[in-house]
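Engineer: Enclosed is the structure file upload.cif (mmCIF, C-alpha atoms and all ligand atoms).
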```cif
data_input
#
loop_
_atom_site.label_atom_id
_atom_site.label_comp_id
_atom_site.auth_asym_id
_atom_site.auth_seq_id
_atom_site.Cartn_x
_atom_site.Cartn_y
_atom_site.Cartn_z
CA MET A 1 -6.84 -87.16 30.93
CA SER A 2 -9.75 -85.48 29.21
CA ARG A 3 -12.73 -87.40 27.91
CA ARG A 4 -11.84 -86.63 24.32
CA ASN A 5 -8.76 -88.79 24.59
CA ASN A 6 -10.56 -91.74 26.05
CA PRO A 7 -9.73 -94.64 23.67
CA GLU A 8 -13.14 -96.26 24.25
CA ARG A 9 -14.74 -93.41 22.40
CA LEU A 10 -12.66 -94.00 19.29
CA GLY A 11 -14.40 -97.29 18.36
CA ALA A 12 -17.40 -97.38 16.03
CA PRO A 13 -20.68 -97.14 17.97
CA GLN A 14 -22.27 -100.51 18.72
CA PRO A 15 -25.59 -100.95 16.90
CA ASP A 16 -27.47 -101.82 20.15
CA ALA A 17 -25.81 -99.24 22.29
CA PRO A 18 -27.63 -96.01 22.88
CA ALA A 19 -26.11 -93.03 21.14
CA PRO A 20 -23.43 -91.45 23.31
CA PRO A 21 -24.40 -88.14 24.86
CA PRO A 22 -23.07 -85.11 23.05
CA GLU A 23 -19.59 -84.32 24.22
CA VAL A 24 -19.25 -81.30 26.45
CA THR A 25 -15.86 -79.66 26.35
CA ASN A 26 -14.62 -76.28 27.30
CA THR A 27 -12.91 -75.87 23.95
CA GLN A 28 -12.63 -72.10 24.11
CA THR A 29 -10.15 -72.15 26.95
CA ASP A 30 -8.51 -75.44 25.99
CA ILE A 31 -7.80 -74.73 22.36
CA PHE A 32 -6.65 -71.14 22.69
CA SER A 33 -4.70 -71.35 25.92
CA PHE A 34 -1.43 -71.06 23.97
CA ILE A 35 -2.29 -67.53 22.83
CA ASN A 36 -3.32 -66.44 26.30
CA PRO A 37 -0.18 -66.66 28.38
CA THR A 38 0.16 -65.76 32.04
CA GLU A 39 2.91 -64.17 34.06
CA PHE A 40 3.82 -63.63 37.70
CA VAL A 41 3.80 -60.09 39.07
CA ASP A 42 5.94 -59.38 42.14
CA LEU A 43 3.98 -57.81 44.99
CA PRO A 44 5.57 -54.79 46.69
CA SER A 45 4.24 -56.15 50.02
CA LYS A 46 5.74 -59.59 49.30
CA GLY A 47 2.52 -60.90 50.85
CA ALA A 48 3.95 -60.21 54.28
CA LEU A 49 1.30 -57.76 55.48
CA TYR A 50 -1.78 -59.90 54.86
CA PRO A 51 -3.12 -61.70 57.91
CA GLU A 52 -3.27 -65.47 57.96
CA GLY A 53 -6.33 -66.69 56.08
CA HIS A 54 -6.11 -63.92 53.47
CA PRO A 55 -5.62 -65.50 50.01
CA ALA A 56 -2.56 -63.30 49.38
CA HIS A 57 -0.96 -64.12 52.76
CA GLY A 58 2.70 -64.95 52.15
CA LEU A 59 2.48 -64.61 48.37
CA GLU A 60 5.51 -62.89 46.86
CA SER A 61 3.87 -62.73 43.46
CA ILE A 62 0.46 -63.14 41.83
CA GLU A 63 -0.19 -64.84 38.50
CA ILE A 64 -2.17 -62.83 35.94
CA ARG A 65 -3.38 -63.57 32.43
CA HIS A 66 -2.39 -61.18 29.69
CA MET A 67 -5.06 -58.69 28.69
CA THR A 68 -7.61 -59.78 26.09
CA ALA A 69 -10.63 -58.31 24.31
CA LYS A 70 -12.67 -59.25 27.39
CA GLU A 71 -10.76 -56.74 29.51
CA GLU A 72 -11.00 -54.15 26.73
CA ASP A 73 -14.78 -54.62 26.97
CA ILE A 74 -14.61 -53.84 30.68
CA LEU A 75 -12.47 -50.77 30.00
CA THR A 76 -14.88 -49.44 27.39
CA SER A 77 -17.99 -50.08 29.49
CA GLU A 78 -19.05 -46.55 30.38
CA SER A 79 -21.19 -47.49 33.33
CA LEU A 80 -18.25 -49.23 34.97
CA ILE A 81 -15.99 -46.28 34.34
CA LYS A 82 -18.53 -43.95 35.93
CA LYS A 83 -18.63 -46.13 39.00
CA GLY A 84 -14.86 -45.96 39.10
CA VAL A 85 -14.65 -49.71 39.28
CA ALA A 86 -13.39 -50.54 35.78
CA LEU A 87 -9.77 -50.88 36.84
CA ASP A 88 -10.65 -53.16 39.76
CA ARG A 89 -12.76 -55.30 37.43
CA VAL A 90 -9.85 -55.61 35.03
CA VAL A 91 -7.54 -56.72 37.84
CA ASP A 92 -10.14 -59.23 39.08
CA SER A 93 -10.61 -60.57 35.58
CA LEU A 94 -6.88 -61.10 35.06
CA ILE A 95 -5.92 -62.69 38.37
CA VAL A 96 -5.73 -66.46 37.92
CA ASP A 97 -6.54 -67.28 41.58
CA LYS A 98 -10.15 -66.15 41.80
CA ARG A 99 -10.07 -65.96 45.61
CA ILE A 100 -7.89 -62.84 45.29
CA LYS A 101 -9.81 -59.63 44.58
CA ALA A 102 -8.55 -56.11 43.87
CA ALA A 103 -10.79 -54.78 46.65
CA ASN A 104 -8.88 -56.82 49.24
CA LEU A 105 -5.37 -56.12 47.97
CA LEU A 106 -3.15 -53.42 49.41
CA ILE A 107 -3.22 -50.41 47.09
CA GLY A 108 0.49 -50.77 46.28
CA ASP A 109 0.03 -54.40 45.25
CA LYS A 110 -2.96 -53.45 43.12
CA ASN A 111 -0.88 -50.71 41.46
CA ALA A 112 1.82 -53.26 40.59
CA LEU A 113 -0.82 -55.50 38.98
CA LEU A 114 -2.33 -52.59 37.03
CA ILE A 115 1.04 -51.58 35.61
CA ALA A 116 1.88 -55.17 34.64
CA ALA A 117 -1.57 -55.60 33.06
CA ARG A 118 -1.15 -52.40 31.06
CA ILE A 119 2.19 -53.63 29.70
CA THR A 120 0.64 -56.96 28.60
CA GLY A 121 -2.13 -55.12 26.75
CA PHE A 122 -0.56 -52.02 25.28
CA GLY A 123 3.19 -52.29 25.83
CA PRO A 124 5.49 -50.38 28.19
CA ASP A 125 5.41 -46.95 26.47
CA TYR A 126 3.06 -44.59 28.28
CA GLY A 127 2.59 -41.22 26.59
CA VAL A 128 1.24 -38.63 28.98
CA LYS A 129 1.06 -34.85 29.33
CA ILE A 130 2.79 -33.44 32.40
CA THR A 131 2.26 -29.80 33.33
CA CYS A 132 5.39 -27.99 34.49
CA PRO A 133 4.78 -26.75 38.06
CA VAL A 134 6.90 -23.64 37.39
CA CYS A 135 5.85 -22.27 33.99
CA ILE A 136 2.61 -24.27 33.53
CA THR A 137 3.73 -25.50 30.10
CA GLU A 138 2.21 -28.82 29.07
CA ASN A 139 4.97 -31.29 28.22
CA ASP A 140 4.48 -34.43 26.16
CA CYS A 141 6.30 -37.13 28.10
CA ASN A 142 6.94 -40.75 27.41
CA ILE A 143 7.25 -43.00 30.44
CA ASP A 144 8.77 -46.48 30.26
CA LEU A 145 6.52 -48.54 32.52
CA GLN A 146 9.09 -51.32 32.67
CA ALA A 147 11.45 -48.99 34.54
CA ILE A 148 8.99 -48.65 37.42
CA LYS A 149 10.14 -50.62 40.44
CA SER A 150 8.65 -51.58 43.76
CA LYS A 151 9.62 -49.64 46.84
CA SER A 152 9.88 -51.61 50.05
CA PRO A 153 8.62 -50.18 53.31
CA GLU A 154 11.28 -48.04 55.00
CA GLU A 155 12.55 -48.70 58.49
CA THR A 156 10.59 -46.47 60.84
CA ASP A 157 9.74 -46.28 64.53
CA SER A 158 6.26 -47.56 63.71
CA LYS A 159 5.67 -50.99 65.16
CA LEU A 160 4.10 -53.73 63.05
CA LEU A 161 1.30 -55.38 64.99
CA GLU A 162 0.13 -58.97 64.60
CA ASN A 163 -3.03 -57.92 62.74
CA GLY A 164 -0.93 -56.27 60.00
CA ASN A 165 -1.59 -52.74 61.33
CA TYR A 166 1.10 -50.36 62.59
CA GLU A 167 1.32 -48.48 65.86
CA MET A 168 2.85 -45.01 65.83
CA ILE A 169 3.97 -43.44 69.10
CA PHE A 170 4.37 -39.68 69.56
CA PRO A 171 6.59 -39.06 72.61
CA GLU A 172 6.21 -35.28 72.36
CA TYR A 173 2.45 -35.66 72.90
CA ASN A 174 2.35 -37.73 76.10
CA ASN A 175 3.23 -40.88 74.17
CA LEU A 176 0.11 -40.62 72.08
CA ALA A 177 -0.40 -44.01 70.38
CA VAL A 178 -2.08 -44.14 66.97
CA GLU A 179 -2.85 -47.45 65.25
CA VAL A 180 -3.16 -47.25 61.47
CA ARG A 181 -4.21 -49.80 58.88
CA LEU A 182 -2.80 -49.97 55.37
CA LEU A 183 -5.45 -49.11 52.80
CA ARG A 184 -6.76 -51.65 50.31
CA GLY A 185 -8.48 -51.39 46.95
CA ALA A 186 -11.95 -51.10 48.50
CA ASP A 187 -10.82 -48.17 50.69
CA GLU A 188 -9.35 -46.39 47.69
CA ARG A 189 -12.63 -46.80 45.83
CA LYS A 190 -14.58 -45.39 48.77
CA LEU A 191 -12.24 -42.39 49.07
CA THR A 192 -12.66 -41.70 45.35
CA GLN A 193 -16.44 -41.93 45.66
CA ASN A 194 -16.44 -39.50 48.60
CA ARG A 195 -14.36 -37.07 46.59
CA GLU A 196 -16.77 -37.35 43.63
CA GLN A 197 -19.81 -36.79 45.84
CA ARG A 198 -18.29 -33.69 47.37
CA ARG A 199 -17.32 -32.38 43.96
CA LYS A 200 -20.86 -32.88 42.66
CA ALA A 201 -22.34 -31.23 45.73
CA LYS A 202 -19.86 -28.37 45.19
CA LYS A 203 -18.47 -28.95 48.69
CA GLU A 204 -14.85 -28.33 49.56
CA ASP A 205 -12.42 -31.20 49.26
CA SER A 206 -11.69 -33.15 52.43
CA LEU A 207 -8.83 -35.30 51.17
CA ILE A 208 -6.71 -35.16 54.29
CA THR A 209 -9.43 -35.82 56.88
CA ASP A 210 -10.88 -38.53 54.60
CA GLN A 211 -7.53 -40.27 54.35
CA LEU A 212 -6.77 -39.96 58.06
CA GLY A 213 -10.26 -41.20 58.86
CA ALA A 214 -9.70 -44.23 56.66
CA ILE A 215 -6.33 -45.25 58.11
CA ILE A 216 -6.70 -44.52 61.86
CA VAL A 217 -8.37 -47.37 63.75
CA ARG A 218 -7.28 -46.56 67.31
CA VAL A 219 -5.98 -43.60 69.32
CA ASN A 220 -4.60 -44.67 72.70
CA GLU A 221 -7.47 -46.90 73.93
CA VAL A 222 -10.18 -45.26 71.82
CA THR A 223 -11.65 -47.30 68.94
CA ASP A 224 -15.17 -45.79 68.73
CA PRO A 225 -15.55 -44.47 65.14
CA ALA A 226 -17.42 -41.33 66.24
CA LEU A 227 -14.64 -40.43 68.69
CA LEU A 228 -11.94 -41.22 66.12
CA LYS A 229 -13.69 -38.85 63.72
CA GLN A 230 -13.46 -36.15 66.39
CA PHE A 231 -9.76 -36.88 66.80
CA VAL A 232 -9.18 -36.52 63.06
CA GLU A 233 -10.98 -33.17 62.99
CA GLN A 234 -9.14 -31.80 66.02
CA CYS A 235 -5.75 -33.34 65.29
CA PRO A 236 -3.00 -30.67 65.17
CA THR A 237 -1.42 -30.35 61.73
CA LYS A 238 1.96 -31.31 63.18
CA ILE A 239 0.63 -34.73 64.19
CA SER A 240 -1.53 -35.31 61.13
CA ARG A 241 1.39 -34.51 58.84
CA GLU A 242 3.62 -36.82 60.81
CA ILE A 243 1.06 -39.64 60.59
CA ARG A 244 0.80 -39.22 56.83
CA THR A 245 4.58 -39.00 56.36
CA ARG A 246 5.13 -42.16 58.38
CA TYR A 247 2.28 -43.87 56.54
CA GLU A 248 3.93 -43.14 53.17
CA LYS A 249 7.08 -44.79 54.47
CA ILE A 250 5.48 -48.00 55.74
CA MET A 251 3.15 -48.47 52.77
CA PRO A 252 4.62 -50.92 50.26
CA ASP A 253 4.01 -49.55 46.78
CA VAL A 254 5.41 -49.12 43.33
CA ASP A 255 7.67 -46.11 42.98
CA MET A 256 5.74 -43.95 40.54
CA SER A 257 8.10 -40.98 40.67
CA VAL A 258 9.60 -40.27 37.26
CA PRO A 259 12.27 -37.78 36.20
CA PHE A 260 10.90 -34.68 34.49
CA THR A 261 12.62 -31.87 32.59
CA CYS A 262 10.47 -29.04 31.28
CA SER A 263 11.02 -28.38 27.57
CA ASN A 264 10.23 -24.71 28.06
CA CYS A 265 11.99 -23.55 31.24
CA GLU A 266 14.28 -26.56 31.82
CA TYR A 267 12.96 -27.02 35.36
CA GLU A 268 14.02 -30.47 36.58
CA SER A 269 12.44 -32.59 39.25
CA GLU A 270 10.82 -35.90 40.01
CA VAL A 271 7.08 -35.99 39.49
CA ASP A 272 4.48 -38.61 40.30
CA MET A 273 3.39 -40.49 37.22
CA PRO A 274 -0.15 -39.38 36.45
CA MET A 275 -2.62 -42.25 35.96
CA THR A 276 -4.82 -40.61 33.35
CA ALA A 277 -7.31 -42.17 30.96
CA GLU A 278 -4.44 -42.76 28.57
CA PHE A 279 -3.00 -45.31 30.95
CA PHE A 280 -5.42 -47.91 29.62
CA TRP A 281 -6.74 -46.00 26.65
CA PRO A 282 -3.55 -45.00 24.81
CA ARG A 283 -3.72 -42.43 22.06
CA GLN A 284 -3.21 -44.13 18.73
ZN ZN B 1 8.56 -25.20 32.78
#
```
Is it possible to give me this structure as structure tokens?
Ligand SMILES: [Zn+2]
Structural biologist:
Amino acid sequence: MSRRNNPERLGAPQPDAPAPPPEVTNTQTDIFSFINPTEFVDLPSKGALYPEGHPAHGLESIEIRHMTAKEEDILTSESLIKKGVALDRVVDSLIVDKRIKAANLLIGDKNALLIAARITGFGPDYGVKITCPVCITENDCNIDLQAIKSKSPEETDSKLLENGNYEMIFPEYNNLAVEVRLLRGADERKLTQNREQRRKAKKEDSLITDQLGAIIVRVNEVTDPALLKQFVEQCPTKISREIRTRYEKIMPDVDMSVPFTCSNCEYESEVDMPMTAEFFWPRQ
């Protein structure tokens, strides 16, 4: 029971009694809670891939608040956008359990939260331009975010280890064993920062070696980061492609592929939903 409802406080103050201290209440959150609902967002990982002790361990869903002006402030804060952290801040701000942070969530789980948050703030209609890969015509598309579903990890030969990592074996290369970790929000942010730095320095992109470097934590018995870096640089394309293909399969995520038909040349295919600025800053 809150202090405000304490019946003792309802009586007239006694003349000899000292004046009661001014009441301290958190009225902002109390009074307006009814206009700030929450909802549970299903995690593609079902919480199964977080080690014991992680706040999302075993959680099938995470409770988030609906977006408010506070999150719009974060989204319009230019310095945050430049640092590429605005979306993580929004996720952190919305998650009810403050022990859970976007930086520590698997990327697929974070994506599920971002999509749910976007729906609570701006609705499920996402208008975006998609360029036809055949005739290069820009198509105005409308994506229904509610139709986006989770994809569960596929059955593969990769073995789930106790620490939540996977071991991939390559029999055609002397049973080469590669242990990979599933990337989290913080890794994604670091990869984006690397890409930005290279772009600014006018260096060539290194997307593939960056990603491999981020996911590979062991090759056979080797765990030394400097040696793993060498492996990544010398890794034959056949193996590196295979690692990335298998990684895509084991990574729980939301299925962001959407059907696309070009209005100009009628080319049809599935394309990956682009996450452009309009995702959180819809055109009016
Ligand atoms: Zn076309």
Engineer: Hey, which residues sit close to ligand ZN 1 (chain B)? Say within 10 Å, counting all atoms listed in the file, and write them as a PyMOL selection string.
Structural biologist: chain A and resi 131-139+260-268
Engineer: Around all listed atoms of segment 231-248 of chain A, padded 5 Å per side, what centre and edge lengths does the axis-aligned box have in Å to one decimal, as lines of an AutoDock Vina configuration file?
Structural biologist:
```
center_x = -2.9
center_y = -37.1
center_z = 60.0
size_x = 26.1
size_y = 23.5
size_z = 23.6
```
Engineer: Would you mind reading off the distance between atom CA of Phe170 of chain A and atom CA of Ala226 of chain A, one decimal, in Å?
Structural biologist: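 Atom-to-atom, atom CA of Phe170 of chain A to atom CA of Ala226 of chain A, that is 22.1 Å.
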Engineer: Name all residues at most 8 Å from Phe40 of chain A (count all atoms listed in the file; drop same-chain ones fewer than 3 positions away) and give them as a ChimeraX atom specification.
Structural biologist: /A:61-64
Engineer: Using Å and a single decimal, report how far atom CA of Ile215 of chain A sits from atom CA of Thr245 of chain A.
Structural biologist: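 Going from atom CA of Thr245 of chain A over to atom CA of Ile215 of chain A, I get 12.7 Å.
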Engineer: Find the residues near Asp73 of chain A: any atom within 12 Å, counting all atoms listed in the file, skip ones fewer than 4 places away on the same chain, and give them as a list in words.
Structural biologist: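 Using all atoms listed in the file, the neighbours found are Met67, Thr68, Ala69, Ser77, Glu78, Ser79, Leu80, Ile81, Ala86, Leu87, Arg89, Val90, Ser93, Phe280 and Trp281 of chain A.
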Engineer: The residues within 8 Å of (4.2, -64.4, 49.0), using only C-alpha atoms and the coordinates of the file, should be reported as an mmCIF file with C-alpha atoms, in the frame of the given file; which are they?
Structural biologist:
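Okay, this is what ended up in part.cif:
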```cif
data_model
loop_
_atom_site.group_PDB
_atom_site.id
_atom_site.type_symbol
_atom_site.label_atom_id
_atom_site.label_comp_id
_atom_site.auth_asym_id
_atom_site.auth_seq_id
_atom_site.Cartn_x
_atom_site.Cartn_y
_atom_site.Cartn_z
ATOM 1 C CA LEU A 43 3.980 -57.810 44.990
ATOM 2 C CA LYS A 46 5.740 -59.590 49.300
ATOM 3 C CA GLY A 47 2.520 -60.900 50.850
ATOM 4 C CA ALA A 48 3.950 -60.210 54.280
ATOM 5 C CA ALA A 56 -2.560 -63.300 49.380
ATOM 6 C CA HIS A 57 -0.960 -64.120 52.760
ATOM 7 C CA GLY A 58 2.700 -64.950 52.150
ATOM 8 C CA LEU A 59 2.480 -64.610 48.370
ATOM 9 C CA GLU A 60 5.510 -62.890 46.860
ATOM 10 C CA SER A 61 3.870 -62.730 43.460
#
```
Engineer: Given the point (-2.8, -42.7, 73.6) in the coordinates of this file, which residues lie within 6 Å, counting all atoms listed in the file, and how would they look as a PDB file with C-alpha atoms, keeping the file's coordinate frame?
Structural biologist:
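Output file part.pdb is given in full below:
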```pdb
ATOM      1  CA  LEU A 176       0.110 -40.620  72.080  1.00  0.00           C
ATOM      2  CA  ALA A 177      -0.400 -44.010  70.380  1.00  0.00           C
ATOM      3  CA  VAL A 219      -5.980 -43.600  69.320  1.00  0.00           C
ATOM      4  CA  ASN A 220      -4.600 -44.670  72.700  1.00  0.00           C
TER       5      ASN A 220
END
```
Engineer: Using all atoms listed in the file, pick whichever of A:Leu49, A:Ile130, A:Val85, A:Met251 has the shortest atom-to-atom distance to Leu161 of chain A.
Structural biologist: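 The answer is A:Leu49, which sits nearest to Leu161 of chain A.
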Engineer: Taking all atoms listed in the file into account, name the residue in A:Gly127, A:Gly108, A:Pro153, A:Pro274 that is nearest to Lys249 of chain A.
Structural biologist: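 Looking only at the distances to Lys249 of chain A, the closest residue turns out to be A:Pro153.
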Engineer: What is the distance, in Å and to one decimal place, between atom CA of Ser152 of chain A and atom CA of Ala116 of chain A?
Structural biologist: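 Here the two named atoms are 17.7 Å from each other.
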Engineer: I'd like the contact shell of Asp187 of chain A - 8 Å cut-off, only C-alpha atoms, skipping same-chain residues fewer than 4 positions apart - returned as a ChimeraX atom specification.
Structural biologist: /A:103,183,191,214
Engineer: Between A:Asp210, A:Asp42, A:Glu188, A:Asp205, single out the one closest to Ser240 of chain A, counting all atoms listed in the file.
Structural biologist: A:Asp210
Engineer: What lies within 6 Å of Ala102 of chain A using only C-alpha atoms, ignoring chain neighbours under 4 positions off, as number ranges by chain?
Structural biologist: A: 88, 92, 185
Engineer: Would you mind listing what lies within 7 Å of Asp125 of chain A as a PDB file with C-alpha atoms, in the frame of the given file, with only C-alpha atoms counted and same-chain residues fewer than 6 positions away left out?
Structural biologist:
```pdb
ATOM      1  CA  ASN A 142       6.940 -40.750  27.410  1.00  0.00           C
ATOM      2  CA  ILE A 143       7.250 -43.000  30.440  1.00  0.00           C
ATOM      3  CA  ASP A 144       8.770 -46.480  30.260  1.00  0.00           C
ATOM      4  CA  LEU A 145       6.520 -48.540  32.520  1.00  0.00           C
TER       5      LEU A 145
END
```
Engineer: Let me make sure I understand: among A:Ser269, A:Gln211, A:Thr156, A:Thr223, which one has the smallest atom-to-atom distance to Glu179 of chain A if we use all atoms listed in the file?
Structural biologist: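 Counting all atoms listed in the file, the residue closest to Glu179 of chain A is A:Thr223.
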